[in-house]
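Shown below: protein.csv, with CSV, C-alpha atoms and all ligand atoms.
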```
chain,number,residue,atom,x,y,z
A,22,MET,CA,27.3,48.9,-22.0
A,23,SER,CA,26.7,46.0,-24.3
A,24,ASP,CA,24.1,46.1,-27.0
A,25,LYS,CA,22.1,43.5,-25.1
A,26,THR,CA,21.3,45.7,-22.2
A,27,ILE,CA,17.6,46.3,-21.9
A,28,GLN,CA,16.3,49.4,-20.3
A,29,VAL,CA,13.4,48.7,-18.0
A,30,SER,CA,11.5,51.4,-16.4
A,31,GLN,CA,9.3,50.9,-13.5
A,32,HIS,CA,5.7,51.2,-14.3
A,33,LEU,CA,2.4,50.2,-12.8
A,34,VAL,CA,0.4,47.4,-14.4
A,35,GLU,CA,-3.3,47.3,-13.9
A,36,TRP,CA,-4.4,43.7,-13.8
A,37,THR,CA,-7.7,43.5,-15.6
A,38,ASP,CA,-9.8,40.3,-15.3
A,39,GLU,CA,-8.9,39.5,-18.9
A,40,GLN,CA,-5.1,39.8,-18.1
A,41,VAL,CA,-5.4,37.7,-15.0
A,42,SER,CA,-7.3,35.1,-17.0
A,43,ARG,CA,-4.7,35.1,-19.8
A,44,PHE,CA,-1.9,34.8,-17.2
A,45,TRP,CA,-3.5,31.7,-15.6
A,46,ASP,CA,-4.3,30.2,-19.0
A,47,PHE,CA,-0.7,30.5,-19.9
A,48,GLU,CA,0.5,29.2,-16.5
A,49,SER,CA,-1.8,26.2,-16.8
A,50,HIS,CA,0.5,24.9,-19.5
A,51,PHE,CA,3.2,24.3,-16.9
A,52,PRO,CA,1.7,22.2,-14.1
A,53,GLU,CA,5.2,21.4,-12.9
A,54,ARG,CA,5.4,25.0,-11.7
A,55,TYR,CA,2.4,24.5,-9.4
A,56,PHE,CA,3.1,24.8,-5.8
A,57,THR,CA,1.3,21.6,-5.0
A,58,TYR,CA,3.1,19.8,-7.8
A,59,PHE,CA,6.6,20.4,-6.5
A,60,SER,CA,6.0,20.7,-2.8
A,61,ALA,CA,3.0,18.3,-2.1
A,62,ARG,CA,5.3,15.8,-0.4
A,63,ARG,CA,6.9,18.4,1.8
A,64,VAL,CA,3.5,19.9,2.7
A,65,ILE,CA,2.2,16.4,3.6
A,66,ARG,CA,5.3,15.6,5.7
A,67,PHE,CA,4.9,19.0,7.5
A,68,PHE,CA,1.3,18.4,8.4
A,69,ARG,CA,1.5,14.7,9.0
A,70,THR,CA,0.5,14.9,12.6
A,71,TYR,CA,-2.7,16.8,11.8
A,72,LEU,CA,-3.5,14.7,8.8
A,73,LYS,CA,-3.7,11.6,10.9
A,74,LYS,CA,-6.6,13.1,12.8
A,75,ALA,CA,-8.2,14.8,9.9
A,76,GLN,CA,-11.7,13.9,8.9
A,77,VAL,CA,-11.9,16.2,5.9
A,78,ILE,CA,-9.0,17.7,3.9
A,79,LEU,CA,-9.6,20.6,1.6
A,80,ASP,CA,-7.1,21.3,-1.2
A,81,TYR,CA,-6.8,25.0,-1.5
A,82,GLY,CA,-3.8,24.8,-3.8
A,83,ALA,CA,-4.1,25.9,-7.3
A,84,GLY,CA,-4.0,23.4,-10.0
A,85,THR,CA,-5.5,20.1,-11.0
A,86,GLY,CA,-5.3,18.2,-7.7
A,87,HIS,CA,-1.6,17.5,-7.3
A,88,LEU,CA,-1.9,17.7,-3.5
A,89,VAL,CA,-4.9,15.2,-3.5
A,90,ALA,CA,-2.9,12.8,-5.7
A,91,ARG,CA,0.0,12.9,-3.3
A,92,LEU,CA,-2.3,12.6,-0.3
A,93,LEU,CA,-3.9,9.5,-1.8
A,94,GLU,CA,-0.4,8.0,-2.4
A,95,THR,CA,0.5,8.6,1.2
A,96,ILE,CA,-2.8,7.2,2.5
A,97,GLN,CA,-2.6,4.1,0.3
A,98,LYS,CA,1.0,3.5,1.3
A,99,SER,CA,0.2,3.8,5.0
A,100,MET,CA,-2.9,1.5,4.6
A,101,TYR,CA,-0.8,-1.0,2.7
A,102,ASP,CA,2.0,-0.9,5.3
A,103,LYS,CA,-0.5,-1.4,8.1
A,104,ALA,CA,-2.3,-4.3,6.3
A,105,LYS,CA,1.1,-5.9,5.5
A,106,ALA,CA,2.3,-5.5,9.1
A,107,ASN,CA,-1.0,-7.0,10.2
A,108,LEU,CA,-0.7,-9.9,7.8
A,109,VAL,CA,2.9,-10.6,8.8
A,110,SER,CA,2.1,-10.5,12.5
A,111,LYS,CA,-0.7,-13.0,12.0
A,112,THR,CA,1.1,-15.4,9.8
A,113,PHE,CA,2.7,-18.4,11.6
A,114,THR,CA,4.6,-21.5,10.6
A,115,ALA,CA,3.6,-25.1,11.5
A,116,ALA,CA,5.0,-28.6,10.8
A,117,THR,CA,2.0,-30.6,11.9
A,118,VAL,CA,-1.8,-30.6,11.6
A,119,GLU,CA,-2.1,-30.3,15.4
A,120,ASP,CA,0.1,-27.2,15.5
A,121,THR,CA,-1.9,-25.6,12.7
A,122,LYS,CA,-5.1,-26.2,14.6
A,123,ARG,CA,-3.7,-24.9,17.8
A,124,ILE,CA,-2.3,-21.8,16.2
A,125,VAL,CA,-5.5,-20.7,14.6
A,126,GLU,CA,-7.4,-21.4,17.8
A,127,GLU,CA,-5.0,-19.5,20.0
A,128,ASN,CA,-5.0,-16.5,17.6
A,129,GLY,CA,-8.6,-16.5,16.7
A,130,GLY,CA,-7.7,-16.9,13.1
A,131,GLY,CA,-4.6,-15.7,11.3
A,132,PHE,CA,-2.6,-17.6,8.7
A,133,VAL,CA,-0.4,-20.7,8.9
A,134,LYS,CA,2.3,-21.7,6.5
A,135,THR,CA,3.0,-25.4,6.0
A,136,MET,CA,4.5,-27.5,3.4
A,137,TRP,CA,2.0,-29.5,1.2
A,138,CYS,CA,2.4,-32.6,-1.0
A,139,GLY,CA,-0.1,-31.2,-3.5
A,140,ASP,CA,-2.7,-34.0,-2.9
A,141,GLU,CA,-6.2,-32.8,-2.7
A,142,GLU,CA,-7.0,-35.4,0.0
A,143,CYS,CA,-4.4,-33.8,2.3
A,144,GLU,CA,-6.0,-30.4,1.6
A,145,ASN,CA,-9.4,-31.8,2.6
A,146,ALA,CA,-7.9,-33.5,5.7
A,147,MET,CA,-6.4,-30.2,6.7
A,148,LYS,CA,-9.9,-28.6,6.6
A,149,GLU,CA,-11.5,-31.4,8.6
A,150,ARG,CA,-8.8,-31.8,11.2
A,151,ALA,CA,-7.4,-28.2,11.6
A,152,GLY,CA,-10.4,-26.2,10.4
A,153,VAL,CA,-8.4,-24.4,7.8
A,154,SER,CA,-8.5,-24.2,4.0
A,155,SER,CA,-5.7,-23.3,1.6
A,156,ARG,CA,-5.6,-19.6,0.8
A,157,VAL,CA,-2.6,-19.2,-1.5
A,158,ILE,CA,0.5,-21.0,-2.7
A,159,PRO,CA,2.8,-18.0,-2.6
A,160,PHE,CA,4.8,-17.2,-5.7
A,161,GLU,CA,7.8,-16.6,-3.4
A,162,GLN,CA,8.1,-20.0,-1.8
A,163,GLU,CA,10.0,-20.7,1.4
A,164,ILE,CA,11.3,-24.0,2.4
A,165,ILE,CA,10.0,-24.6,5.9
A,166,GLY,CA,10.2,-28.4,5.8
A,167,ASP,CA,10.3,-31.3,3.4
A,168,VAL,CA,7.3,-33.3,4.2
A,169,CYS,CA,3.5,-32.9,4.1
A,170,PRO,CA,2.1,-32.4,7.6
A,171,VAL,CA,-0.9,-34.6,6.7
A,172,CYS,CA,0.5,-37.6,4.9
A,173,GLY,CA,4.2,-37.3,5.7
A,174,ARG,CA,5.1,-37.7,2.0
A,175,LYS,CA,7.7,-35.5,0.3
A,176,ALA,CA,6.3,-32.0,-0.1
A,177,GLU,CA,7.8,-29.3,-2.3
A,178,LYS,CA,5.1,-26.6,-2.1
A,179,MET,CA,4.5,-24.2,0.8
A,180,VAL,CA,0.8,-23.3,1.3
A,181,ILE,CA,-0.7,-20.6,3.5
A,182,TRP,CA,-3.8,-21.8,5.3
A,183,GLY,CA,-6.6,-19.7,6.9
A,184,ILE,CA,-9.7,-20.4,8.8
A,185,ALA,CA,-12.3,-22.2,6.7
A,186,TYR,CA,-15.7,-20.6,6.7
B,1,ZN,ZN,0.0,-34.8,1.8
```
Before we go any further, please render this structure as structure tokens.
Amino acid sequence: MSDKTIQVSQHLVEWTDEQVSRFWDFESHFPERYFTYFSARRVIRFFRTYLKKAQVILDYGAGTGHLVARLLETIQKSMYDKAKANLVSKTFTAATVEDTKRIVEENGGGFVKTMWCGDEECENAMKERAGVSSRVIPFEQEIIGDVCPVCGRKAEKMVIWGIAY
């Protein structure tokens, strides 16, 4: 036997309220050991089917709300994915004012991408003739044409139009 061998004898420990309290106070310094911290994603994945129908979710896990934090992440991601899919499915491309008008009429709204020369007069004409106003000049530009659908001049910007209210 080496000198490092420790003799341990089995003995009963009585957990007093004070000992329990000290134990959890000590454990609270290591949130990474919390069940909900290291397994929240797995728990959520496992209960996904039920979570979709859930109205109220109670976090019975110990700790400072790790499960709730992961749930919110999951919910936000799914809302974001749905919103993005919805946006993509309602975004069209047009080369003329007439097409832009037809697309928003047929879809009861939505968004239409066209090129734009940058002239405010053309923006106003789009509103008058197609019933749409410019919503955004996307940071990530696509080249979907080279002329403005209103004036026919050279256009280098792509604009996303939406119903004008
Ligand atoms: Zn123009």
Distance in Å - CA of Gly173 in chain A versus CA of Asp140 in chain A |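 Answer for the CA of Gly173 in chain A to CA of Asp140 in chain A separation: 11.5 Å.
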Let me have all residues with an atom within 10 Å of ligand ZN 1 (chain B), counting all atoms listed in the file, laid out as a list in words.
->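 Based on all atoms listed in the file, ligand ZN 1 (chain B) is surrounded within 10 Å by Met136, Trp137, Cys138, Gly139, Asp140, Glu141, Glu142, Cys143, Glu144, Asn145, Ala146, Met147, Val168, Cys169, Pro170, Val171, Cys172, Gly173, Arg174, Lys175 and Ala176 of chain A.
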Provide the CA of Ser42 in chain A to CA of Tyr55 in chain A distance in Å, to one decimal place.
-> 16.3 Å
Name all residues at most 12 Å from range 68-74 of chain A (count only C-alpha atoms; drop same-chain ones fewer than 3 positions away) and give them as a list in words.
-> Ala61, Arg62, Arg63, Val64, Ile65, Val77, Ile78, Leu79, Leu92, Leu93, Thr95, Ile96, Ser99 and Met100 of chain A
If you measure from CA of Ala151 in chain A to CA of Ala104 in chain A, what distance in Å do you get, rounded to one decimal?
-> 25.0 Å
Neighbour list for Gly131 in chain A as a PyMOL selection string, cut-off 7 Å, only C-alpha atoms, skip fewer than 2 positions in-chain | chain A and resi 111-112+125+128-129+133+183
For the point (10.6, -20.3, -4.1) in the file's frame, write as an MDAnalysis selection string all residues with an atom no more than 12 Å away, counting only C-alpha atoms.
-> chainID A and resid 158:165 177:180
Dump C-alpha atoms for the selected residues as a PDB file, in the frame of the given file?
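The resulting again.pdb:
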```
ATOM      1  CA  ILE A 158       0.500 -21.000  -2.700  1.00  0.00           C
ATOM      2  CA  PRO A 159       2.800 -18.000  -2.600  1.00  0.00           C
ATOM      3  CA  PHE A 160       4.800 -17.200  -5.700  1.00  0.00           C
ATOM      4  CA  GLU A 161       7.800 -16.600  -3.400  1.00  0.00           C
ATOM      5  CA  GLN A 162       8.100 -20.000  -1.800  1.00  0.00           C
ATOM      6  CA  GLU A 163      10.000 -20.700   1.400  1.00  0.00           C
ATOM      7  CA  ILE A 164      11.300 -24.000   2.400  1.00  0.00           C
ATOM      8  CA  ILE A 165      10.000 -24.600   5.900  1.00  0.00           C
ATOM      9  CA  GLU A 177       7.800 -29.300  -2.300  1.00  0.00           C
ATOM     10  CA  LYS A 178       5.100 -26.600  -2.100  1.00  0.00           C
ATOM     11  CA  MET A 179       4.500 -24.200   0.800  1.00  0.00           C
ATOM     12  CA  VAL A 180       0.800 -23.300   1.300  1.00  0.00           C
TER      13      VAL A 180
END
```
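Nearest residue to Glu126 in chain A, choosing from A:Lys105, A:Glu53, A:Gly152, A:Arg91 and counting only C-alpha atoms: A:Gly152.
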Using all atoms listed in the file, which of A:Lys122, A:Lys134, A:Lys103, A:Lys25 sits nearest Glu149 in chain A?
->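 With all atoms listed in the file as the atom set, the closest residue is A:Lys122.
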Is it possible to add N, CA and C atoms to range 117-138 of chain A and hand it back as a PDB file, keeping the file's coordinate frame?
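Produced file selection_10.pdb, reproduced below:
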```pdb
ATOM      1  N   THR A 117       2.950 -29.524  11.763  1.00  0.00           N
ATOM      2  CA  THR A 117       2.000 -30.600  11.900  1.00  0.00           C
ATOM      3  C   THR A 117       0.549 -30.055  11.828  1.00  0.00           C
ATOM      4  N   VAL A 118      -0.398 -30.954  11.609  1.00  0.00           N
ATOM      5  CA  VAL A 118      -1.800 -30.600  11.600  1.00  0.00           C
ATOM      6  C   VAL A 118      -2.252 -30.045  12.915  1.00  0.00           C
ATOM      7  N   GLU A 119      -1.777 -30.701  13.986  1.00  0.00           N
ATOM      8  CA  GLU A 119      -2.100 -30.300  15.400  1.00  0.00           C
ATOM      9  C   GLU A 119      -1.678 -28.887  15.653  1.00  0.00           C
ATOM     10  N   ASP A 120      -0.433 -28.577  15.266  1.00  0.00           N
ATOM     11  CA  ASP A 120       0.100 -27.200  15.500  1.00  0.00           C
ATOM     12  C   ASP A 120      -0.729 -26.188  14.718  1.00  0.00           C
ATOM     13  N   THR A 121      -1.090 -26.541  13.499  1.00  0.00           N
ATOM     14  CA  THR A 121      -1.900 -25.600  12.700  1.00  0.00           C
ATOM     15  C   THR A 121      -3.205 -25.319  13.363  1.00  0.00           C
ATOM     16  N   LYS A 122      -3.846 -26.373  13.861  1.00  0.00           N
ATOM     17  CA  LYS A 122      -5.100 -26.200  14.600  1.00  0.00           C
ATOM     18  C   LYS A 122      -4.973 -25.347  15.807  1.00  0.00           C
ATOM     19  N   ARG A 123      -3.923 -25.641  16.587  1.00  0.00           N
ATOM     20  CA  ARG A 123      -3.700 -24.900  17.800  1.00  0.00           C
ATOM     21  C   ARG A 123      -3.419 -23.421  17.544  1.00  0.00           C
ATOM     22  N   ILE A 124      -2.619 -23.154  16.524  1.00  0.00           N
ATOM     23  CA  ILE A 124      -2.300 -21.800  16.200  1.00  0.00           C
ATOM     24  C   ILE A 124      -3.495 -20.934  15.828  1.00  0.00           C
ATOM     25  N   VAL A 125      -4.353 -21.475  14.966  1.00  0.00           N
ATOM     26  CA  VAL A 125      -5.500 -20.700  14.600  1.00  0.00           C
ATOM     27  C   VAL A 125      -6.517 -20.542  15.745  1.00  0.00           C
ATOM     28  N   GLU A 126      -6.548 -21.551  16.620  1.00  0.00           N
ATOM     29  CA  GLU A 126      -7.400 -21.400  17.800  1.00  0.00           C
ATOM     30  C   GLU A 126      -6.907 -20.379  18.762  1.00  0.00           C
ATOM     31  N   GLU A 127      -5.607 -20.427  19.028  1.00  0.00           N
ATOM     32  CA  GLU A 127      -5.000 -19.500  20.000  1.00  0.00           C
ATOM     33  C   GLU A 127      -5.073 -18.032  19.472  1.00  0.00           C
ATOM     34  N   ASN A 128      -5.007 -17.851  18.170  1.00  0.00           N
ATOM     35  CA  ASN A 128      -5.000 -16.500  17.600  1.00  0.00           C
ATOM     36  C   ASN A 128      -6.320 -16.026  17.076  1.00  0.00           C
ATOM     37  N   GLY A 129      -7.317 -16.857  17.252  1.00  0.00           N
ATOM     38  CA  GLY A 129      -8.600 -16.500  16.700  1.00  0.00           C
ATOM     39  C   GLY A 129      -8.601 -16.252  15.231  1.00  0.00           C
ATOM     40  N   GLY A 130      -7.829 -17.034  14.538  1.00  0.00           N
ATOM     41  CA  GLY A 130      -7.700 -16.900  13.100  1.00  0.00           C
ATOM     42  C   GLY A 130      -6.266 -16.787  12.679  1.00  0.00           C
ATOM     43  N   GLY A 131      -6.002 -15.916  11.756  1.00  0.00           N
ATOM     44  CA  GLY A 131      -4.600 -15.700  11.300  1.00  0.00           C
ATOM     45  C   GLY A 131      -4.328 -16.722  10.145  1.00  0.00           C
ATOM     46  N   PHE A 132      -3.070 -16.790   9.801  1.00  0.00           N
ATOM     47  CA  PHE A 132      -2.600 -17.600   8.700  1.00  0.00           C
ATOM     48  C   PHE A 132      -1.494 -18.531   9.120  1.00  0.00           C
ATOM     49  N   VAL A 133      -1.471 -19.725   8.566  1.00  0.00           N
ATOM     50  CA  VAL A 133      -0.400 -20.700   8.900  1.00  0.00           C
ATOM     51  C   VAL A 133       0.228 -21.210   7.646  1.00  0.00           C
ATOM     52  N   LYS A 134       1.555 -21.134   7.640  1.00  0.00           N
ATOM     53  CA  LYS A 134       2.300 -21.700   6.500  1.00  0.00           C
ATOM     54  C   LYS A 134       2.714 -23.103   6.849  1.00  0.00           C
ATOM     55  N   THR A 135       2.482 -24.011   5.900  1.00  0.00           N
ATOM     56  CA  THR A 135       3.000 -25.400   6.000  1.00  0.00           C
ATOM     57  C   THR A 135       3.456 -25.835   4.659  1.00  0.00           C
ATOM     58  N   MET A 136       4.178 -26.914   4.656  1.00  0.00           N
ATOM     59  CA  MET A 136       4.500 -27.500   3.400  1.00  0.00           C
ATOM     60  C   MET A 136       3.259 -28.346   2.978  1.00  0.00           C
ATOM     61  N   TRP A 137       3.195 -28.764   1.722  1.00  0.00           N
ATOM     62  CA  TRP A 137       2.000 -29.500   1.200  1.00  0.00           C
ATOM     63  C   TRP A 137       2.478 -30.383   0.056  1.00  0.00           C
ATOM     64  N   CYS A 138       2.004 -31.642   0.058  1.00  0.00           N
ATOM     65  CA  CYS A 138       2.400 -32.600  -1.000  1.00  0.00           C
ATOM     66  C   CYS A 138       1.728 -32.281  -2.326  1.00  0.00           C
TER      67      CYS A 138
END
```
